[in-house]
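Participant: Sharing a structure with you now.
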Amino acid sequence: MSLNKIGIIGGGQLGMMLCEEAKLLGAKTIVLDPSEDAPAFKIADEHICATFDDFDALEDLCKRADVITYEFENVRSDFLIKLENKYNIKQGFKPLFDGQDRIREKTNANLHGLKTAKFFDVTTKEDALNAIKELGYPCLYKTRTLGYDGHGQVLLKSSDDIKNLDPFLGGPGIIEEFIKFDYEASIVMVSDGKNVISFPISRNIHKHGILDLSIVPAGMKKDVEDRMVKAAKQFMLDCKYLGILAIEFFIKDDEFYFNEMAPRPHNSGHYTIEGCNTNQFRELDRYLLDLPLEEPKLLYPTVMKNILGQDVPDVLKYRAFPNAYVHMYGKSEVRHNRKMGHITFTNMDEDKYNKLVSEAL
Ligand code: AMP
């Protein structure tokens, strides 16, 4: 049977861009999201407005699509396991489940050859003090689940900061080694189980814990880059993850540390839409539709900038740049630090790229 209709759990910007690329493949989409004005609803052929913990609505989505994926990371894995037995959830529940808890995620990375910062399981104050004793200052507390963009994190610089853990203690958390990294970089891969394709690595610059810029080429040492790509691909194959996987790394000297992973398109991969011959959304769609994967190549030096609520007035300025591609997500409520869109600067000559990048760094 040829697959033609993709069901997506989650209708944010990632779902929206998956729908846009699906259309370019002549495929249909149906999206489930709790918000009436979810960005993807404007592009999808059909939608279901329901919460992510509404099992019947999720099952309805599965029935109405040929193949299912997710862009929302906190879908209940017990629901996904049940649905996976009956419907074509092609990536399965496993990569989502493994990434939903930081201890499980980092333990799994270590087991499959990827080094992480040292970490300790922390629930009580006593656990926290023991972890700090092992690691010294600075170190970092993170909630084990539901953390994103630096939410649920406490930087512990000295014993004065321990009181800042109070709102979190009692719940599941970790304290991890603070890596004084040189920079952050990420890789997006798509696997059909035999072949893993990977997009060029991007160097990521965060502002207040939120991705601000992705810069490609990442300017890594060739040897470190080669080792990182090889290890990431091997990790994906060994874990038998299918479909898309993004991994964020910290790079320090010649060492790279796995920080976290996401089995969905990634913000740092948005640059691929204009910067590469194929993009992360298209390749995930191709995987979902049983089409052969295409090996990605960088076409031009490219920089992607996120447009947060406070950056919206600057969009007019940015779009005057040549080869600037503005993607607005159509979110009706503009909020501080909310991702409202992104802009990709590409097809730059080397001088312009170097100037933009040196200003950014
Ligand atoms: P995360 O939620 O784990 O992606 O962390 C958000 C941001 O906090 C990262 O992008 C890093 O800039 C910073 N960060 C997280 N973990 C560490 C660490 N172990 N050492 C230093 N910085 C970190």
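Chain labels follow the order of the structure tokens: the first chain is A, the next B, and so on; residue numbering restarts at 1 in every chain, and ligands are counted from 1 in their shown order.
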Please write out the residues within 10 Å of ligand 1 as a PyMOL selection string, counting only C-alpha atoms and all ligand atoms.
Facilitator: chain A and resi 102+116-119+138-143+146-155+175-181+183-185+204-211+248-250+257-261
Participant: Can you tell me, as a PDB file with N, CA and C atoms, in the first residue's frame, what residues are no more than 9 Å from segment 267-280 of chain A when counting only C-alpha atoms, ignoring any on the same chain fewer than 3 positions away?
Facilitator:
ATOM      1  N   LEU A  14       7.104  23.071  14.253  1.00  0.00           N
ATOM      2  CA  LEU A  14       7.748  21.887  13.664  1.00  0.00           C
ATOM      3  C   LEU A  14       6.730  21.110  12.843  1.00  0.00           C
ATOM      4  N   LEU A  18       6.622  20.444   8.793  1.00  0.00           N
ATOM      5  CA  LEU A  18       6.451  19.075   8.265  1.00  0.00           C
ATOM      6  C   LEU A  18       5.305  19.041   7.254  1.00  0.00           C
ATOM      7  N   GLU A  21       6.365  20.706   3.902  1.00  0.00           N
ATOM      8  CA  GLU A  21       7.194  19.829   3.057  1.00  0.00           C
ATOM      9  C   GLU A  21       6.390  18.647   2.537  1.00  0.00           C
ATOM     10  N   ALA A 185      27.078  22.424  19.647  1.00  0.00           N
ATOM     11  CA  ALA A 185      26.820  22.061  18.250  1.00  0.00           C
ATOM     12  C   ALA A 185      25.807  20.931  18.228  1.00  0.00           C
ATOM     13  N   SER A 186      25.075  20.824  17.132  1.00  0.00           N
ATOM     14  CA  SER A 186      24.102  19.733  17.059  1.00  0.00           C
ATOM     15  C   SER A 186      24.103  19.098  15.685  1.00  0.00           C
ATOM     16  N   ILE A 187      23.602  17.873  15.687  1.00  0.00           N
ATOM     17  CA  ILE A 187      23.522  17.119  14.437  1.00  0.00           C
ATOM     18  C   ILE A 187      22.099  16.578  14.305  1.00  0.00           C
ATOM     19  N   VAL A 188      21.565  16.633  13.097  1.00  0.00           N
ATOM     20  CA  VAL A 188      20.247  16.053  12.821  1.00  0.00           C
ATOM     21  C   VAL A 188      20.461  14.903  11.845  1.00  0.00           C
ATOM     22  N   MET A 189      19.885  13.758  12.186  1.00  0.00           N
ATOM     23  CA  MET A 189      20.059  12.565  11.338  1.00  0.00           C
ATOM     24  C   MET A 189      18.691  11.969  11.017  1.00  0.00           C
ATOM     25  N   VAL A 190      18.624  11.241   9.906  1.00  0.00           N
ATOM     26  CA  VAL A 190      17.406  10.489   9.592  1.00  0.00           C
ATOM     27  C   VAL A 190      17.857   9.081   9.206  1.00  0.00           C
ATOM     28  N   PHE A 199      22.642  15.744   8.438  1.00  0.00           N
ATOM     29  CA  PHE A 199      22.763  17.118   7.946  1.00  0.00           C
ATOM     30  C   PHE A 199      24.047  17.717   8.509  1.00  0.00           C
ATOM     31  N   PRO A 200      24.617  18.691   7.792  1.00  0.00           N
ATOM     32  CA  PRO A 200      25.840  19.312   8.302  1.00  0.00           C
ATOM     33  C   PRO A 200      25.621  19.857   9.727  1.00  0.00           C
ATOM     34  N   ILE A 201      26.643  19.682  10.546  1.00  0.00           N
ATOM     35  CA  ILE A 201      26.560  20.092  11.956  1.00  0.00           C
ATOM     36  C   ILE A 201      26.425  21.610  12.052  1.00  0.00           C
ATOM     37  N   SER A 202      25.578  22.067  12.975  1.00  0.00           N
ATOM     38  CA  SER A 202      25.471  23.516  13.171  1.00  0.00           C
ATOM     39  C   SER A 202      26.057  23.892  14.525  1.00  0.00           C
ATOM     40  N   ARG A 203      26.698  25.061  14.551  1.00  0.00           N
ATOM     41  CA  ARG A 203      27.180  25.611  15.817  1.00  0.00           C
ATOM     42  C   ARG A 203      26.046  26.469  16.376  1.00  0.00           C
ATOM     43  N   ASN A 204      25.712  26.254  17.629  1.00  0.00           N
ATOM     44  CA  ASN A 204      24.525  26.894  18.185  1.00  0.00           C
ATOM     45  C   ASN A 204      24.879  27.903  19.266  1.00  0.00           C
ATOM     46  N   LEU A 211      17.839  29.000  22.002  1.00  0.00           N
ATOM     47  CA  LEU A 211      18.654  29.089  20.793  1.00  0.00           C
ATOM     48  C   LEU A 211      18.451  30.443  20.111  1.00  0.00           C
ATOM     49  N   LEU A 213      21.141  31.638  17.493  1.00  0.00           N
ATOM     50  CA  LEU A 213      21.695  31.487  16.147  1.00  0.00           C
ATOM     51  C   LEU A 213      22.180  30.059  15.910  1.00  0.00           C
ATOM     52  N   SER A 214      22.007  29.587  14.681  1.00  0.00           N
ATOM     53  CA  SER A 214      22.683  28.364  14.226  1.00  0.00           C
ATOM     54  C   SER A 214      23.582  28.770  13.073  1.00  0.00           C
ATOM     55  N   ILE A 215      24.827  28.355  13.153  1.00  0.00           N
ATOM     56  CA  ILE A 215      25.816  28.783  12.165  1.00  0.00           C
ATOM     57  C   ILE A 215      26.385  27.547  11.471  1.00  0.00           C
ATOM     58  N   VAL A 216      26.354  27.564  10.154  1.00  0.00           N
ATOM     59  CA  VAL A 216      26.838  26.412   9.387  1.00  0.00           C
ATOM     60  C   VAL A 216      27.640  26.919   8.186  1.00  0.00           C
ATOM     61  N   ILE A 244      13.739  10.474  12.502  1.00  0.00           N
ATOM     62  CA  ILE A 244      14.653  11.594  12.747  1.00  0.00           C
ATOM     63  C   ILE A 244      15.180  11.578  14.177  1.00  0.00           C
ATOM     64  N   ALA A 246      17.767  14.306  16.585  1.00  0.00           N
ATOM     65  CA  ALA A 246      18.714  15.416  16.733  1.00  0.00           C
ATOM     66  C   ALA A 246      19.465  15.214  18.037  1.00  0.00           C
ATOM     67  N   GLU A 283      13.135  15.200   4.679  1.00  0.00           N
ATOM     68  CA  GLU A 283      13.695  13.843   4.834  1.00  0.00           C
ATOM     69  C   GLU A 283      12.884  13.022   5.836  1.00  0.00           C
ATOM     70  N   LEU A 284      12.350  13.658   6.893  1.00  0.00           N
ATOM     71  CA  LEU A 284      11.486  12.899   7.805  1.00  0.00           C
ATOM     72  C   LEU A 284      10.221  12.474   7.057  1.00  0.00           C
ATOM     73  N   ASP A 285       9.640  13.396   6.296  1.00  0.00           N
ATOM     74  CA  ASP A 285       8.446  13.036   5.512  1.00  0.00           C
ATOM     75  C   ASP A 285       8.762  11.899   4.551  1.00  0.00           C
ATOM     76  N   GLU A 294      17.564  11.097   0.884  1.00  0.00           N
ATOM     77  CA  GLU A 294      18.519  11.797   0.014  1.00  0.00           C
ATOM     78  C   GLU A 294      19.650  12.332   0.891  1.00  0.00           C
ATOM     79  N   GLU A 295      20.877  12.139   0.470  1.00  0.00           N
ATOM     80  CA  GLU A 295      22.023  12.572   1.282  1.00  0.00           C
ATOM     81  C   GLU A 295      22.108  14.099   1.301  1.00  0.00           C
ATOM     82  N   PRO A 296      22.050  14.727   2.474  1.00  0.00           N
ATOM     83  CA  PRO A 296      22.089  16.191   2.528  1.00  0.00           C
ATOM     84  C   PRO A 296      23.469  16.768   2.245  1.00  0.00           C
ATOM     85  N   LYS A 297      23.434  17.918   1.600  1.00  0.00           N
ATOM     86  CA  LYS A 297      24.691  18.654   1.350  1.00  0.00           C
ATOM     87  C   LYS A 297      24.416  20.119   1.622  1.00  0.00           C
ATOM     88  N   LEU A 298      25.405  20.796   2.172  1.00  0.00           N
ATOM     89  CA  LEU A 298      25.278  22.236   2.389  1.00  0.00           C
ATOM     90  C   LEU A 298      25.483  22.941   1.052  1.00  0.00           C
ATOM     91  N   LEU A 299      24.558  23.836   0.712  1.00  0.00           N
ATOM     92  CA  LEU A 299      24.703  24.564  -0.552  1.00  0.00           C
ATOM     93  C   LEU A 299      25.523  25.827  -0.370  1.00  0.00           C
ATOM     94  N   TYR A 300      25.302  26.516   0.757  1.00  0.00           N
ATOM     95  CA  TYR A 300      25.974  27.799   1.011  1.00  0.00           C
ATOM     96  C   TYR A 300      26.226  27.939   2.510  1.00  0.00           C
ATOM     97  N   PRO A 301      27.204  28.751   2.892  1.00  0.00           N
ATOM     98  CA  PRO A 301      27.306  29.116   4.305  1.00  0.00           C
ATOM     99  C   PRO A 301      25.982  29.759   4.726  1.00  0.00           C
ATOM    100  N   THR A 302      25.465  29.353   5.867  1.00  0.00           N
ATOM    101  CA  THR A 302      24.107  29.754   6.259  1.00  0.00           C
ATOM    102  C   THR A 302      24.042  30.059   7.754  1.00  0.00           C
ATOM    103  N   VAL A 303      23.267  31.070   8.084  1.00  0.00           N
ATOM    104  CA  VAL A 303      23.041  31.407   9.504  1.00  0.00           C
ATOM    105  C   VAL A 303      21.535  31.509   9.726  1.00  0.00           C
ATOM    106  N   MET A 304      21.049  30.830  10.768  1.00  0.00           N
ATOM    107  CA  MET A 304      19.631  30.917  11.117  1.00  0.00           C
ATOM    108  C   MET A 304      19.495  31.688  12.422  1.00  0.00           C
ATOM    109  N   LYS A 305      18.562  32.621  12.453  1.00  0.00           N
ATOM    110  CA  LYS A 305      18.302  33.357  13.699  1.00  0.00           C
ATOM    111  C   LYS A 305      16.848  33.146  14.109  1.00  0.00           C
ATOM    112  N   ASN A 306      16.644  32.824  15.372  1.00  0.00           N
ATOM    113  CA  ASN A 306      15.275  32.712  15.874  1.00  0.00           C
ATOM    114  C   ASN A 306      14.680  34.097  16.083  1.00  0.00           C
ATOM    115  N   TYR A 325      15.529  34.689   4.330  1.00  0.00           N
ATOM    116  CA  TYR A 325      14.236  34.001   4.209  1.00  0.00           C
ATOM    117  C   TYR A 325      13.540  34.036   5.561  1.00  0.00           C
ATOM    118  N   HIS A 342      11.556  32.333  12.426  1.00  0.00           N
ATOM    119  CA  HIS A 342      13.017  32.338  12.288  1.00  0.00           C
ATOM    120  C   HIS A 342      13.373  32.929  10.941  1.00  0.00           C
ATOM    121  N   ILE A 343      14.611  33.320  10.829  1.00  0.00           N
ATOM    122  CA  ILE A 343      15.063  33.900   9.563  1.00  0.00           C
ATOM    123  C   ILE A 343      16.381  33.241   9.186  1.00  0.00           C
ATOM    124  N   THR A 344      16.498  32.908   7.928  1.00  0.00           N
ATOM    125  CA  THR A 344      17.704  32.232   7.457  1.00  0.00           C
ATOM    126  C   THR A 344      18.423  33.140   6.469  1.00  0.00           C
ATOM    127  N   PHE A 345      19.683  33.369   6.759  1.00  0.00           N
ATOM    128  CA  PHE A 345      20.542  34.149   5.856  1.00  0.00           C
ATOM    129  C   PHE A 345      21.432  33.148   5.136  1.00  0.00           C
ATOM    130  N   THR A 346      21.317  33.121   3.825  1.00  0.00           N
ATOM    131  CA  THR A 346      22.107  32.110   3.109  1.00  0.00           C
ATOM    132  C   THR A 346      22.679  32.689   1.828  1.00  0.00           C
ATOM    133  N   ASN A 347      23.349  31.812   1.078  1.00  0.00           N
ATOM    134  CA  ASN A 347      23.967  32.229  -0.176  1.00  0.00           C
ATOM    135  C   ASN A 347      24.849  33.460   0.025  1.00  0.00           C
TER     136      ASN A 347
END
Participant: Could you pull out the helix (DSSP H, G or I) residues of segment 78-175 of chain A from DSSP and send them as a PyMOL selection string?
Facilitator: chain A and resi 78-86+94-99+102-111+125-135+159-165
Participant: For Gly173 of chain A, which residue among A:Asp54, A:Asp127, A:Glu333, A:Glu59 is the nearest when counting only C-alpha atoms?
Facilitator: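 Looking only at the distances to Gly173 of chain A, the closest residue turns out to be A:Asp127.
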Participant: Residues at most 7 Å from Asp33 of chain A, counting only C-alpha atoms, excluding those fewer than 2 positions away in the same chain, as a list in words?
Facilitator: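 Neighbouring residues, sequence-local ones excluded: Ile9, Gly10, Gly11, Val31, Ser35, Ala38, Ile48, Cys49, Ala50 and Thr51 of chain A.
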Participant: What does the file look like for those residues with N, CA, C and O atoms, as a JSON list (two decimals), in the first residue's frame?
Facilitator:
[["chain", "number", "residue", "atom", "x", "y", "z"],
["A", 9, "ILE", "N", 1.38, 14.28, 15.77],
["A", 9, "ILE", "CA", 0.98, 14.62, 17.14],
["A", 9, "ILE", "C", 1.72, 15.91, 17.50],
["A", 9, "ILE", "O", 2.93, 15.91, 17.66],
["A", 10, "GLY", "N", 1.01, 17.00, 17.55],
["A", 10, "GLY", "CA", 1.62, 18.31, 17.84],
["A", 10, "GLY", "C", 1.54, 19.21, 16.62],
["A", 10, "GLY", "O", 1.89, 18.80, 15.51],
["A", 11, "GLY", "N", 1.04, 20.43, 16.84],
["A", 11, "GLY", "CA", 0.81, 21.33, 15.70],
["A", 11, "GLY", "C", 1.55, 22.65, 15.82],
["A", 11, "GLY", "O", 1.09, 23.67, 15.33],
["A", 31, "VAL", "N", -3.28, 16.83, 11.72],
["A", 31, "VAL", "CA", -2.50, 17.25, 12.89],
["A", 31, "VAL", "C", -3.40, 17.27, 14.13],
["A", 31, "VAL", "O", -4.55, 17.72, 14.05],
["A", 35, "SER", "N", -4.37, 23.45, 20.86],
["A", 35, "SER", "CA", -4.64, 24.88, 20.68],
["A", 35, "SER", "C", -5.38, 25.14, 19.37],
["A", 35, "SER", "O", -4.94, 24.70, 18.31],
["A", 38, "ALA", "N", -3.20, 26.55, 16.56],
["A", 38, "ALA", "CA", -1.89, 25.90, 16.36],
["A", 38, "ALA", "C", -1.37, 26.23, 14.96],
["A", 38, "ALA", "O", -2.13, 26.13, 13.99],
["A", 48, "ILE", "N", -7.33, 17.88, 14.35],
["A", 48, "ILE", "CA", -8.12, 17.46, 15.50],
["A", 48, "ILE", "C", -7.66, 18.34, 16.66],
["A", 48, "ILE", "O", -6.48, 18.36, 16.99],
["A", 49, "CYS", "N", -8.60, 19.08, 17.24],
["A", 49, "CYS", "CA", -8.23, 19.92, 18.37],
["A", 49, "CYS", "C", -8.54, 19.15, 19.65],
["A", 49, "CYS", "O", -9.71, 18.97, 20.00],
["A", 50, "ALA", "N", -7.50, 18.63, 20.31],
["A", 50, "ALA", "CA", -7.70, 17.81, 21.52],
["A", 50, "ALA", "C", -6.40, 17.81, 22.31],
["A", 50, "ALA", "O", -5.33, 18.05, 21.74],
["A", 51, "THR", "N", -6.51, 17.51, 23.60],
["A", 51, "THR", "CA", -5.29, 17.49, 24.42],
["A", 51, "THR", "C", -4.49, 16.22, 24.14],
["A", 51, "THR", "O", -5.02, 15.22, 23.66]]
Participant: Pick the closest to His112 of chain A from A:Lys133, A:Lys240, A:Lys221, A:Lys194: which is it, counting only C-alpha atoms?
Facilitator: A:Lys240
Participant: Which residue is closest to Leu288 of chain A? Choose from A:Leu242, A:Val75, A:Met236, A:Asp101 and count only C-alpha atoms.
Facilitator: A:Leu242
Participant: Using Å and a single decimal, report how far atom CA of Lys252 of chain A sits from atom CA of Gly136 of chain A.
Facilitator: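 A separation of 18.9 Å between them.
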Participant: Taking 3 positions as the minimum chain separation for residues in the same chain, which residues sit within 10 Å of Phe55 of chain A when counting only C-alpha atoms? Answer as an mmCIF file with N, CA, C and O atoms, in the first residue's frame.
Facilitator:
data_model
loop_
_atom_site.group_PDB
_atom_site.id
_atom_site.type_symbol
_atom_site.label_atom_id
_atom_site.label_comp_id
_atom_site.auth_asym_id
_atom_site.auth_seq_id
_atom_site.Cartn_x
_atom_site.Cartn_y
_atom_site.Cartn_z
ATOM 1 N N ALA A 50 -7.504 18.629 20.307
ATOM 2 C CA ALA A 50 -7.696 17.814 21.515
ATOM 3 C C ALA A 50 -6.401 17.808 22.307
ATOM 4 O O ALA A 50 -5.327 18.053 21.743
ATOM 5 N N THR A 51 -6.506 17.508 23.596
ATOM 6 C CA THR A 51 -5.292 17.493 24.424
ATOM 7 C C THR A 51 -4.487 16.221 24.135
ATOM 8 O O THR A 51 -5.025 15.221 23.655
ATOM 9 N N PHE A 52 -3.187 16.304 24.512
ATOM 10 C CA PHE A 52 -2.300 15.171 24.246
ATOM 11 C C PHE A 52 -2.598 13.991 25.172
ATOM 12 O O PHE A 52 -2.099 12.900 24.952
ATOM 13 N N LEU A 58 -6.223 10.691 20.136
ATOM 14 C CA LEU A 58 -4.973 10.187 19.532
ATOM 15 C C LEU A 58 -5.274 8.974 18.645
ATOM 16 O O LEU A 58 -4.728 8.829 17.548
ATOM 17 N N GLU A 59 -6.175 8.120 19.129
ATOM 18 C CA GLU A 59 -6.529 6.932 18.337
ATOM 19 C C GLU A 59 -7.255 7.360 17.055
ATOM 20 O O GLU A 59 -7.020 6.781 15.980
ATOM 21 N N ASP A 60 -8.083 8.382 17.162
ATOM 22 C CA ASP A 60 -8.785 8.893 15.976
ATOM 23 C C ASP A 60 -7.760 9.379 14.934
ATOM 24 O O ASP A 60 -7.872 9.082 13.735
ATOM 25 N N LEU A 61 -6.727 10.100 15.419
ATOM 26 C CA LEU A 61 -5.662 10.571 14.521
ATOM 27 C C LEU A 61 -5.004 9.372 13.814
ATOM 28 O O LEU A 61 -4.802 9.392 12.593
ATOM 29 N N ARG A 76 2.328 10.764 26.301
ATOM 30 C CA ARG A 76 2.467 9.661 27.276
ATOM 31 C C ARG A 76 2.938 8.397 26.573
ATOM 32 O O ARG A 76 2.314 7.941 25.610
ATOM 33 N N PHE A 79 0.483 5.499 26.269
ATOM 34 C CA PHE A 79 -0.465 5.658 25.152
ATOM 35 C C PHE A 79 0.191 5.221 23.846
ATOM 36 O O PHE A 79 -0.399 4.493 23.044
ATOM 37 N N LEU A 80 1.442 5.701 23.669
ATOM 38 C CA LEU A 80 2.115 5.381 22.400
ATOM 39 C C LEU A 80 2.345 3.880 22.250
ATOM 40 O O LEU A 80 2.226 3.342 21.153
ATOM 41 N N LYS A 82 0.508 1.467 23.437
ATOM 42 C CA LYS A 82 -0.774 0.854 23.045
ATOM 43 C C LYS A 82 -1.056 1.099 21.561
ATOM 44 O O LYS A 82 -1.461 0.195 20.830
ATOM 45 N N LEU A 83 -0.844 2.337 21.125
ATOM 46 C CA LEU A 83 -1.176 2.698 19.739
ATOM 47 C C LEU A 83 -0.203 2.061 18.744
ATOM 48 O O LEU A 83 -0.590 1.674 17.643
#
Participant: Applying 8 Å and only C-alpha atoms, which residues near Tyr329 of chain A remain after dropping the ones on its own chain fewer than 2 positions away? List them as number ranges by chain.
Facilitator: A: 13, 16, 39, 327, 331, 340-341
Participant: Pick out the closest residue to Gly26 of chain A from this set: A:Arg104, A:Lys125, A:Lys42, A:Lys5. Count only C-alpha atoms.
Facilitator: A:Lys5
Participant: Using only C-alpha atoms, pick whichever of A:Leu289, A:Val196, A:Leu135, A:Ile251 has the shortest atom-to-atom distance to Val67 of chain A.
Facilitator: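 With only C-alpha atoms as the atom set, the closest residue is A:Leu289.
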Participant: If you run DSSP on the backbone here, which positions in segment 71-125 of chain A get strand (DSSP E or B)? Please write them as number ranges by chain.
Facilitator: A: 89, 116, 119-122
Participant: Kindly export the residues of the current selection with N, CA and C atoms, as a CSV table (one decimal), in the first residue's frame.
Facilitator:
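part.csv, freshly written:
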chain,number,residue,atom,x,y,z
A,89,ILE,N,3.0,3.7,13.8
A,89,ILE,CA,3.8,4.8,14.4
A,89,ILE,C,5.3,4.5,14.0
A,116,THR,N,28.9,11.8,28.4
A,116,THR,CA,28.1,12.9,28.9
A,116,THR,C,28.8,13.5,30.1
A,119,PHE,N,26.8,12.8,36.1
A,119,PHE,CA,25.5,13.2,36.7
A,119,PHE,C,25.1,12.3,37.8
A,120,PHE,N,24.3,12.9,38.7
A,120,PHE,CA,23.8,12.1,39.8
A,120,PHE,C,22.3,12.3,40.0
A,121,ASP,N,21.6,11.2,40.3
A,121,ASP,CA,20.2,11.2,40.6
A,121,ASP,C,19.9,12.0,41.9
A,122,VAL,N,19.0,13.0,41.8
A,122,VAL,CA,18.8,13.8,43.0
A,122,VAL,C,17.3,14.0,43.3
Participant: What is the atom CA of Lys106 of chain A to atom CA of Glu84 of chain A distance in Å?
Facilitator: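 Between these atoms lies a distance of 24.6 Å.
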